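Dumped data-v8.cif below, it's mmCIF, N, CA, C and O atoms:
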```
data_query
#
loop_
_atom_site.group_PDB
_atom_site.id
_atom_site.type_symbol
_atom_site.label_atom_id
_atom_site.label_comp_id
_atom_site.auth_asym_id
_atom_site.auth_seq_id
_atom_site.Cartn_x
_atom_site.Cartn_y
_atom_site.Cartn_z
ATOM 1 N N MET F 1 0.838 -1.187 0.000
ATOM 2 C CA MET F 1 0.000 0.000 0.000
ATOM 3 C C MET F 1 0.878 1.244 0.000
ATOM 4 O O MET F 1 1.920 1.276 0.635
ATOM 5 N N ARG F 2 0.372 2.240 -0.666
ATOM 6 C CA ARG F 2 1.040 3.541 -0.634
ATOM 7 C C ARG F 2 0.580 4.287 0.605
ATOM 8 O O ARG F 2 -0.351 3.887 1.280
ATOM 9 N N ASN F 3 1.221 5.409 0.872
ATOM 10 C CA ASN F 3 0.844 6.216 2.033
ATOM 11 C C ASN F 3 -0.584 6.722 1.958
ATOM 12 O O ASN F 3 -1.209 6.977 2.966
ATOM 13 N N ASN F 4 -1.137 6.878 0.745
ATOM 14 C CA ASN F 4 -2.503 7.395 0.602
ATOM 15 C C ASN F 4 -3.563 6.311 0.773
ATOM 16 O O ASN F 4 -4.742 6.569 0.596
ATOM 17 N N GLY F 5 -3.150 5.094 1.103
ATOM 18 C CA GLY F 5 -4.095 4.012 1.329
ATOM 19 C C GLY F 5 -4.410 3.198 0.094
ATOM 20 O O GLY F 5 -5.100 2.188 0.184
ATOM 21 N N PHE F 6 -3.933 3.612 -1.071
ATOM 22 C CA PHE F 6 -4.176 2.877 -2.300
ATOM 23 C C PHE F 6 -2.997 1.965 -2.602
ATOM 24 O O PHE F 6 -1.856 2.288 -2.270
ATOM 25 N N PRO F 7 -3.243 0.844 -3.284
ATOM 26 C CA PRO F 7 -2.136 -0.046 -3.639
ATOM 27 C C PRO F 7 -1.218 0.595 -4.687
ATOM 28 O O PRO F 7 -1.646 1.456 -5.459
ATOM 29 N N SER F 8 0.019 0.152 -4.705
ATOM 30 C CA SER F 8 0.991 0.651 -5.680
ATOM 31 C C SER F 8 0.635 0.166 -7.085
ATOM 32 O O SER F 8 -0.169 -0.762 -7.253
ATOM 33 N N ARG F 9 1.254 0.774 -8.074
ATOM 34 C CA ARG F 9 1.042 0.350 -9.468
ATOM 35 C C ARG F 9 1.439 -1.104 -9.651
ATOM 36 O O ARG F 9 0.792 -1.845 -10.390
ATOM 37 N N GLU F 10 2.515 -1.505 -8.992
ATOM 38 C CA GLU F 10 2.981 -2.884 -9.089
ATOM 39 C C GLU F 10 1.935 -3.849 -8.521
ATOM 40 O O GLU F 10 1.696 -4.925 -9.079
ATOM 41 N N THR F 11 1.326 -3.476 -7.416
ATOM 42 C CA THR F 11 0.295 -4.322 -6.818
ATOM 43 C C THR F 11 -0.913 -4.424 -7.732
ATOM 44 O O THR F 11 -1.456 -5.513 -7.935
ATOM 45 N N VAL F 12 -1.343 -3.306 -8.305
ATOM 46 C CA VAL F 12 -2.489 -3.324 -9.228
ATOM 47 C C VAL F 12 -2.166 -4.193 -10.439
ATOM 48 O O VAL F 12 -3.001 -4.987 -10.885
ATOM 49 N N ALA F 13 -0.944 -4.098 -10.947
ATOM 50 C CA ALA F 13 -0.533 -4.939 -12.079
ATOM 51 C C ALA F 13 -0.594 -6.417 -11.705
ATOM 52 O O ALA F 13 -1.035 -7.251 -12.503
ATOM 53 N N ARG F 14 -0.178 -6.738 -10.481
ATOM 54 C CA ARG F 14 -0.239 -8.128 -10.013
ATOM 55 C C ARG F 14 -1.687 -8.614 -9.918
ATOM 56 O O ARG F 14 -2.013 -9.733 -10.324
ATOM 57 N N VAL F 15 -2.579 -7.762 -9.390
ATOM 58 C CA VAL F 15 -4.000 -8.120 -9.305
ATOM 59 C C VAL F 15 -4.558 -8.371 -10.706
ATOM 60 O O VAL F 15 -5.301 -9.331 -10.931
ATOM 61 N N ARG F 16 -4.187 -7.529 -11.665
ATOM 62 C CA ARG F 16 -4.659 -7.703 -13.048
ATOM 63 C C ARG F 16 -4.156 -9.016 -13.654
ATOM 64 O O ARG F 16 -4.862 -9.643 -14.442
ATOM 65 N N ARG F 17 -2.939 -9.421 -13.306
ATOM 66 C CA ARG F 17 -2.428 -10.712 -13.795
ATOM 67 C C ARG F 17 -3.152 -11.874 -13.122
ATOM 68 O O ARG F 17 -3.413 -12.896 -13.742
ATOM 69 N N MET F 18 -3.458 -11.714 -11.830
ATOM 70 C CA MET F 18 -4.121 -12.782 -11.081
ATOM 71 C C MET F 18 -5.559 -12.999 -11.537
ATOM 72 O O MET F 18 -6.041 -14.133 -11.547
ATOM 73 N N TYR F 19 -6.246 -11.892 -11.879
ATOM 74 C CA TYR F 19 -7.657 -11.955 -12.239
ATOM 75 C C TYR F 19 -7.889 -11.283 -13.590
ATOM 76 O O TYR F 19 -8.455 -10.195 -13.664
ATOM 77 N N PRO F 20 -7.460 -11.916 -14.682
ATOM 78 C CA PRO F 20 -7.644 -11.294 -15.997
ATOM 79 C C PRO F 20 -9.129 -11.163 -16.347
ATOM 80 O O PRO F 20 -9.959 -11.962 -15.901
ATOM 81 N N VAL F 21 -9.440 -10.128 -17.127
ATOM 82 C CA VAL F 21 -10.816 -9.928 -17.577
ATOM 83 C C VAL F 21 -11.305 -11.212 -18.236
ATOM 84 O O VAL F 21 -10.598 -11.827 -19.033
ATOM 85 N N GLY F 22 -12.502 -11.633 -17.847
ATOM 86 C CA GLY F 22 -13.096 -12.850 -18.391
ATOM 87 C C GLY F 22 -12.941 -14.070 -17.516
ATOM 88 O O GLY F 22 -13.631 -15.073 -17.721
ATOM 89 N N CYS F 23 -12.045 -14.009 -16.513
ATOM 90 C CA CYS F 23 -11.876 -15.183 -15.663
ATOM 91 C C CYS F 23 -13.039 -15.277 -14.673
ATOM 92 O O CYS F 23 -13.704 -14.294 -14.356
ATOM 93 N N ARG F 24 -13.271 -16.482 -14.203
ATOM 94 C CA ARG F 24 -14.339 -16.741 -13.240
ATOM 95 C C ARG F 24 -13.772 -16.694 -11.835
ATOM 96 O O ARG F 24 -12.653 -17.169 -11.585
ATOM 97 N N VAL F 25 -14.549 -16.121 -10.907
ATOM 98 C CA VAL F 25 -14.132 -16.000 -9.519
ATOM 99 C C VAL F 25 -15.268 -16.400 -8.586
ATOM 100 O O VAL F 25 -16.436 -16.441 -8.981
ATOM 101 N N GLU F 26 -14.896 -16.672 -7.357
ATOM 102 C CA GLU F 26 -15.852 -16.984 -6.300
ATOM 103 C C GLU F 26 -15.592 -16.046 -5.135
ATOM 104 O O GLU F 26 -14.439 -15.826 -4.757
ATOM 105 N N LEU F 27 -16.646 -15.500 -4.566
ATOM 106 C CA LEU F 27 -16.529 -14.612 -3.418
ATOM 107 C C LEU F 27 -16.232 -15.423 -2.164
ATOM 108 O O LEU F 27 -16.942 -16.381 -1.850
ATOM 109 N N MET F 28 -15.182 -15.012 -1.456
ATOM 110 C CA MET F 28 -14.824 -15.651 -0.194
ATOM 111 C C MET F 28 -15.309 -14.803 0.988
ATOM 112 O O MET F 28 -15.770 -15.343 1.990
ATOM 113 N N TYR F 29 -15.185 -13.464 0.845
ATOM 114 C CA TYR F 29 -15.560 -12.561 1.934
ATOM 115 C C TYR F 29 -15.792 -11.172 1.363
ATOM 116 O O TYR F 29 -15.045 -10.726 0.494
ATOM 117 N N MET F 30 -16.820 -10.495 1.849
ATOM 118 C CA MET F 30 -17.052 -9.102 1.469
ATOM 119 C C MET F 30 -17.447 -8.316 2.711
ATOM 120 O O MET F 30 -18.378 -8.687 3.425
ATOM 121 N N ASP F 31 -16.736 -7.219 2.950
ATOM 122 C CA ASP F 31 -16.984 -6.368 4.105
ATOM 123 C C ASP F 31 -17.884 -5.207 3.683
ATOM 124 O O ASP F 31 -17.439 -4.071 3.579
ATOM 125 N N ASP F 32 -19.132 -5.522 3.389
ATOM 126 C CA ASP F 32 -20.103 -4.510 2.966
ATOM 127 C C ASP F 32 -21.461 -4.887 3.552
ATOM 128 O O ASP F 32 -22.113 -5.809 3.058
ATOM 129 N N PRO F 33 -21.883 -4.202 4.618
ATOM 130 C CA PRO F 33 -23.132 -4.576 5.286
ATOM 131 C C PRO F 33 -24.371 -4.383 4.412
ATOM 132 O O PRO F 33 -25.427 -4.936 4.711
ATOM 133 N N TYR F 34 -24.247 -3.631 3.319
ATOM 134 C CA TYR F 34 -25.403 -3.371 2.459
ATOM 135 C C TYR F 34 -25.463 -4.295 1.252
ATOM 136 O O TYR F 34 -26.438 -4.287 0.510
ATOM 137 N N SER F 35 -24.429 -5.086 1.053
ATOM 138 C CA SER F 35 -24.396 -6.001 -0.082
ATOM 139 C C SER F 35 -25.228 -7.236 0.204
ATOM 140 O O SER F 35 -25.242 -7.752 1.326
ATOM 141 N N ARG F 36 -25.887 -7.722 -0.824
ATOM 142 C CA ARG F 36 -26.630 -8.981 -0.693
ATOM 143 C C ARG F 36 -25.781 -10.171 -1.144
ATOM 144 O O ARG F 36 -26.238 -11.303 -1.096
ATOM 145 N N LEU F 37 -24.546 -9.897 -1.588
ATOM 146 C CA LEU F 37 -23.661 -10.984 -1.987
ATOM 147 C C LEU F 37 -23.229 -11.778 -0.768
ATOM 148 O O LEU F 37 -22.985 -11.211 0.298
ATOM 149 N N THR F 38 -23.134 -13.084 -0.926
ATOM 150 C CA THR F 38 -22.712 -13.952 0.166
ATOM 151 C C THR F 38 -21.550 -14.826 -0.308
ATOM 152 O O THR F 38 -21.387 -15.052 -1.513
ATOM 153 N N PRO F 39 -20.732 -15.321 0.625
ATOM 154 C CA PRO F 39 -19.645 -16.206 0.230
ATOM 155 C C PRO F 39 -20.179 -17.360 -0.618
ATOM 156 O O PRO F 39 -21.259 -17.894 -0.361
ATOM 157 N N GLY F 40 -19.422 -17.675 -1.659
ATOM 158 C CA GLY F 40 -19.832 -18.736 -2.573
ATOM 159 C C GLY F 40 -20.418 -18.216 -3.876
ATOM 160 O O GLY F 40 -20.507 -18.955 -4.849
ATOM 161 N N GLU F 41 -20.819 -16.922 -3.890
ATOM 162 C CA GLU F 41 -21.326 -16.331 -5.137
ATOM 163 C C GLU F 41 -20.230 -16.402 -6.188
ATOM 164 O O GLU F 41 -19.051 -16.235 -5.881
ATOM 165 N N ARG F 42 -20.636 -16.616 -7.429
ATOM 166 C CA ARG F 42 -19.672 -16.712 -8.526
ATOM 167 C C ARG F 42 -19.980 -15.679 -9.595
ATOM 168 O O ARG F 42 -21.131 -15.267 -9.748
ATOM 169 N N GLY F 43 -18.918 -15.300 -10.318
ATOM 170 C CA GLY F 43 -19.107 -14.325 -11.375
ATOM 171 C C GLY F 43 -17.901 -14.260 -12.294
ATOM 172 O O GLY F 43 -16.940 -15.017 -12.136
ATOM 173 N N THR F 44 -17.967 -13.320 -13.236
ATOM 174 C CA THR F 44 -16.935 -13.141 -14.249
ATOM 175 C C THR F 44 -16.314 -11.753 -14.105
ATOM 176 O O THR F 44 -17.042 -10.757 -14.047
ATOM 177 N N VAL F 45 -14.987 -11.689 -14.058
ATOM 178 C CA VAL F 45 -14.277 -10.411 -13.947
ATOM 179 C C VAL F 45 -14.507 -9.622 -15.232
ATOM 180 O O VAL F 45 -14.326 -10.129 -16.333
ATOM 181 N N ARG F 46 -14.916 -8.342 -15.064
ATOM 182 C CA ARG F 46 -15.131 -7.494 -16.238
ATOM 183 C C ARG F 46 -14.165 -6.327 -16.314
ATOM 184 O O ARG F 46 -13.955 -5.774 -17.383
ATOM 185 N N ALA F 47 -13.523 -5.957 -15.192
ATOM 186 C CA ALA F 47 -12.559 -4.850 -15.199
ATOM 187 C C ALA F 47 -11.847 -4.787 -13.862
ATOM 188 O O ALA F 47 -12.350 -5.278 -12.850
ATOM 189 N N ILE F 48 -10.675 -4.136 -13.875
ATOM 190 C CA ILE F 48 -9.940 -3.831 -12.646
ATOM 191 C C ILE F 48 -9.469 -2.394 -12.775
ATOM 192 O O ILE F 48 -8.807 -2.034 -13.746
ATOM 193 N N ASP F 49 -9.852 -1.567 -11.808
ATOM 194 C CA ASP F 49 -9.485 -0.150 -11.905
ATOM 195 C C ASP F 49 -8.108 0.114 -11.287
ATOM 196 O O ASP F 49 -7.432 -0.810 -10.832
ATOM 197 N N ASP F 50 -7.703 1.369 -11.299
ATOM 198 C CA ASP F 50 -6.363 1.741 -10.833
ATOM 199 C C ASP F 50 -6.188 1.665 -9.318
ATOM 200 O O ASP F 50 -5.088 1.864 -8.813
ATOM 201 N N THR F 51 -7.262 1.389 -8.580
ATOM 202 C CA THR F 51 -7.150 1.189 -7.135
ATOM 203 C C THR F 51 -7.111 -0.305 -6.792
ATOM 204 O O THR F 51 -7.078 -0.661 -5.622
ATOM 205 N N GLY F 52 -7.160 -1.161 -7.824
ATOM 206 C CA GLY F 52 -7.136 -2.598 -7.605
ATOM 207 C C GLY F 52 -8.499 -3.201 -7.351
ATOM 208 O O GLY F 52 -8.601 -4.395 -7.059
ATOM 209 N N THR F 53 -9.558 -2.399 -7.454
ATOM 210 C CA THR F 53 -10.911 -2.938 -7.288
ATOM 211 C C THR F 53 -11.240 -3.815 -8.491
ATOM 212 O O THR F 53 -11.102 -3.392 -9.637
ATOM 213 N N VAL F 54 -11.659 -5.050 -8.210
ATOM 214 C CA VAL F 54 -12.014 -6.006 -9.252
ATOM 215 C C VAL F 54 -13.530 -5.932 -9.434
ATOM 216 O O VAL F 54 -14.292 -6.255 -8.518
ATOM 217 N N PHE F 55 -13.953 -5.497 -10.619
ATOM 218 C CA PHE F 55 -15.379 -5.411 -10.919
ATOM 219 C C PHE F 55 -15.823 -6.721 -11.542
ATOM 220 O O PHE F 55 -15.229 -7.193 -12.510
ATOM 221 N N VAL F 56 -16.867 -7.294 -10.953
ATOM 222 C CA VAL F 56 -17.329 -8.625 -11.337
ATOM 223 C C VAL F 56 -18.792 -8.537 -11.768
ATOM 224 O O VAL F 56 -19.602 -7.854 -11.133
ATOM 225 N N SER F 57 -19.112 -9.238 -12.840
ATOM 226 C CA SER F 57 -20.515 -9.453 -13.212
ATOM 227 C C SER F 57 -20.922 -10.741 -12.508
ATOM 228 O O SER F 57 -20.614 -11.846 -12.964
ATOM 229 N N TRP F 58 -21.543 -10.569 -11.365
ATOM 230 C CA TRP F 58 -21.936 -11.721 -10.564
ATOM 231 C C TRP F 58 -23.103 -12.435 -11.226
ATOM 232 O O TRP F 58 -23.980 -11.808 -11.814
ATOM 233 N N ASP F 59 -23.130 -13.760 -11.110
ATOM 234 C CA ASP F 59 -24.178 -14.568 -11.730
ATOM 235 C C ASP F 59 -25.561 -14.195 -11.206
ATOM 236 O O ASP F 59 -26.558 -14.372 -11.905
ATOM 237 N N CYS F 60 -25.635 -13.645 -10.011
ATOM 238 C CA CYS F 60 -26.908 -13.259 -9.405
ATOM 239 C C CYS F 60 -27.442 -11.936 -9.951
ATOM 240 O O CYS F 60 -28.533 -11.500 -9.597
ATOM 241 N N GLY F 61 -26.629 -11.258 -10.805
ATOM 242 C CA GLY F 61 -27.069 -9.999 -11.400
ATOM 243 C C GLY F 61 -26.388 -8.765 -10.853
ATOM 244 O O GLY F 61 -26.496 -7.689 -11.427
ATOM 245 N N SER F 62 -25.669 -8.886 -9.758
ATOM 246 C CA SER F 62 -24.965 -7.747 -9.177
ATOM 247 C C SER F 62 -23.716 -7.426 -9.985
ATOM 248 O O SER F 62 -23.148 -8.289 -10.654
ATOM 249 N N GLY F 63 -23.277 -6.173 -9.915
ATOM 250 C CA GLY F 63 -22.044 -5.753 -10.560
ATOM 251 C C GLY F 63 -21.077 -5.155 -9.562
ATOM 252 O O GLY F 63 -20.164 -4.427 -9.935
ATOM 253 N N LEU F 64 -21.274 -5.457 -8.290
ATOM 254 C CA LEU F 64 -20.485 -4.861 -7.219
ATOM 255 C C LEU F 64 -19.013 -5.248 -7.316
ATOM 256 O O LEU F 64 -18.670 -6.396 -7.614
ATOM 257 N N GLY F 65 -18.144 -4.270 -7.067
ATOM 258 C CA GLY F 65 -16.705 -4.494 -7.118
ATOM 259 C C GLY F 65 -16.166 -5.074 -5.823
ATOM 260 O O GLY F 65 -16.732 -4.889 -4.745
ATOM 261 N N VAL F 66 -15.049 -5.778 -5.956
ATOM 262 C CA VAL F 66 -14.348 -6.385 -4.836
ATOM 263 C C VAL F 66 -13.168 -5.474 -4.500
ATOM 264 O O VAL F 66 -12.268 -5.286 -5.317
ATOM 265 N N VAL F 67 -13.161 -4.894 -3.318
ATOM 266 C CA VAL F 67 -12.170 -3.894 -2.928
ATOM 267 C C VAL F 67 -10.868 -4.561 -2.510
ATOM 268 O O VAL F 67 -10.859 -5.428 -1.622
ATOM 269 N N TYR F 68 -9.765 -4.117 -3.143
ATOM 270 C CA TYR F 68 -8.449 -4.670 -2.824
ATOM 271 C C TYR F 68 -8.112 -4.434 -1.349
ATOM 272 O O TYR F 68 -8.310 -3.349 -0.819
ATOM 273 N N GLY F 69 -7.624 -5.481 -0.688
ATOM 274 C CA GLY F 69 -7.194 -5.377 0.698
ATOM 275 C C GLY F 69 -8.318 -5.436 1.714
ATOM 276 O O GLY F 69 -8.068 -5.395 2.911
ATOM 277 N N VAL F 70 -9.559 -5.526 1.243
ATOM 278 C CA VAL F 70 -10.705 -5.571 2.148
ATOM 279 C C VAL F 70 -11.514 -6.842 1.902
ATOM 280 O O VAL F 70 -11.737 -7.639 2.805
ATOM 281 N N ASP F 71 -11.979 -7.016 0.676
ATOM 282 C CA ASP F 71 -12.784 -8.165 0.300
ATOM 283 C C ASP F 71 -11.873 -9.263 -0.268
ATOM 284 O O ASP F 71 -10.736 -8.989 -0.627
ATOM 285 N N ARG F 72 -12.404 -10.497 -0.367
ATOM 286 C CA ARG F 72 -11.589 -11.586 -0.886
ATOM 287 C C ARG F 72 -12.360 -12.407 -1.906
ATOM 288 O O ARG F 72 -13.538 -12.736 -1.692
ATOM 289 N N ILE F 73 -11.664 -12.733 -2.994
ATOM 290 C CA ILE F 73 -12.194 -13.636 -4.010
ATOM 291 C C ILE F 73 -11.124 -14.678 -4.307
ATOM 292 O O ILE F 73 -9.968 -14.526 -3.927
ATOM 293 N N ARG F 74 -11.542 -15.727 -4.997
ATOM 294 C CA ARG F 74 -10.564 -16.706 -5.485
ATOM 295 C C ARG F 74 -10.909 -17.029 -6.927
ATOM 296 O O ARG F 74 -12.082 -17.022 -7.311
ATOM 297 N N LYS F 75 -9.873 -17.286 -7.703
ATOM 298 C CA LYS F 75 -10.047 -17.644 -9.101
ATOM 299 C C LYS F 75 -10.504 -19.086 -9.192
ATOM 300 O O LYS F 75 -9.997 -19.952 -8.489
ATOM 301 N N LEU F 76 -11.460 -19.336 -10.064
ATOM 302 C CA LEU F 76 -11.953 -20.697 -10.261
ATOM 303 C C LEU F 76 -11.192 -21.393 -11.375
ATOM 304 O O LEU F 76 -10.605 -20.772 -12.210
#
```

Kindly present the structure from the file in structure tokens form.
Amino acid sequence: MRNNGFPSRETVARVRRMYPVGCRVELMYMDDPYSRLTPGERGTVRAIDDTGTVFVSWDCGSGLGVVYGVDRIRKL
């Protein structure tokens, strides 16, 4: 992490290599009390922004992003 709380460019590049657009993922944990997503939800990665947030098209219809360093997913 950088001093501003955001991951470094190198970390974001690593996240992009780990979760390329189009790959399938499974939610392990999400720290969002307003989200209806639960562990085990599956979806397809559609983008990763410069903060390392992985945006997923979840099979349930949600498009909520997975926040780097807070939420957890695994590649299927």

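Once the PyMOL selection byres ((chain F and resi 67) around 7) is applied to the depicted file, the selected set reads F:Thr51, F:Gly52, F:Thr53, F:Val54, F:Gly65, F:Val66, F:Tyr68, F:Gly69, F:Val70, F:Asp71, F:Arg72.
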
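Going from atom O of Arg46 of chain F over to atom C of Gly5 of chain F, you cover 21.8 Å.
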
Quiz item: Hey, what's within 4.5 Å of Arg42 of chain F if we count all atoms listed in the file and toss same-chain stuff fewer than 6 positions away? As a VMD selection string, please?
Solution: chain F and resid 25 to 26 58 to 59

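Within chain F, the backbone-based DSSP assignment of alpha helix (DSSP H) covers Arg9, Glu10, Thr11, Val12, Ala13, Arg14, Val15, Arg16, Arg17 and Met18 of chain F.
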
Is it possible to get the axis-aligned box enclosing segment 4-20 of chain F (all listed atoms, 5 Å extra per side) as AutoDock Vina command-line options, with centre and edge lengths in Å rounded to one decimal?
```
--center_x -3.5 --center_y -3.4 --center_z -7.5 --size_x 22.9 --size_y 31.5 --size_z 27.7
```

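Shortest separation to Arg9 of chain F among F:Ser35, F:Gly43, F:Asp50, F:Leu64 occurs at residue F:Asp50, atoms counted being only N, CA, C and O atoms.
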
Quiz prompt | All strand (DSSP E) residues (DSSP, backbone) inside chain F, as a PyMOL selection string | solution = chain F and resi 24-29+42-48+54-58+65-66+72-75
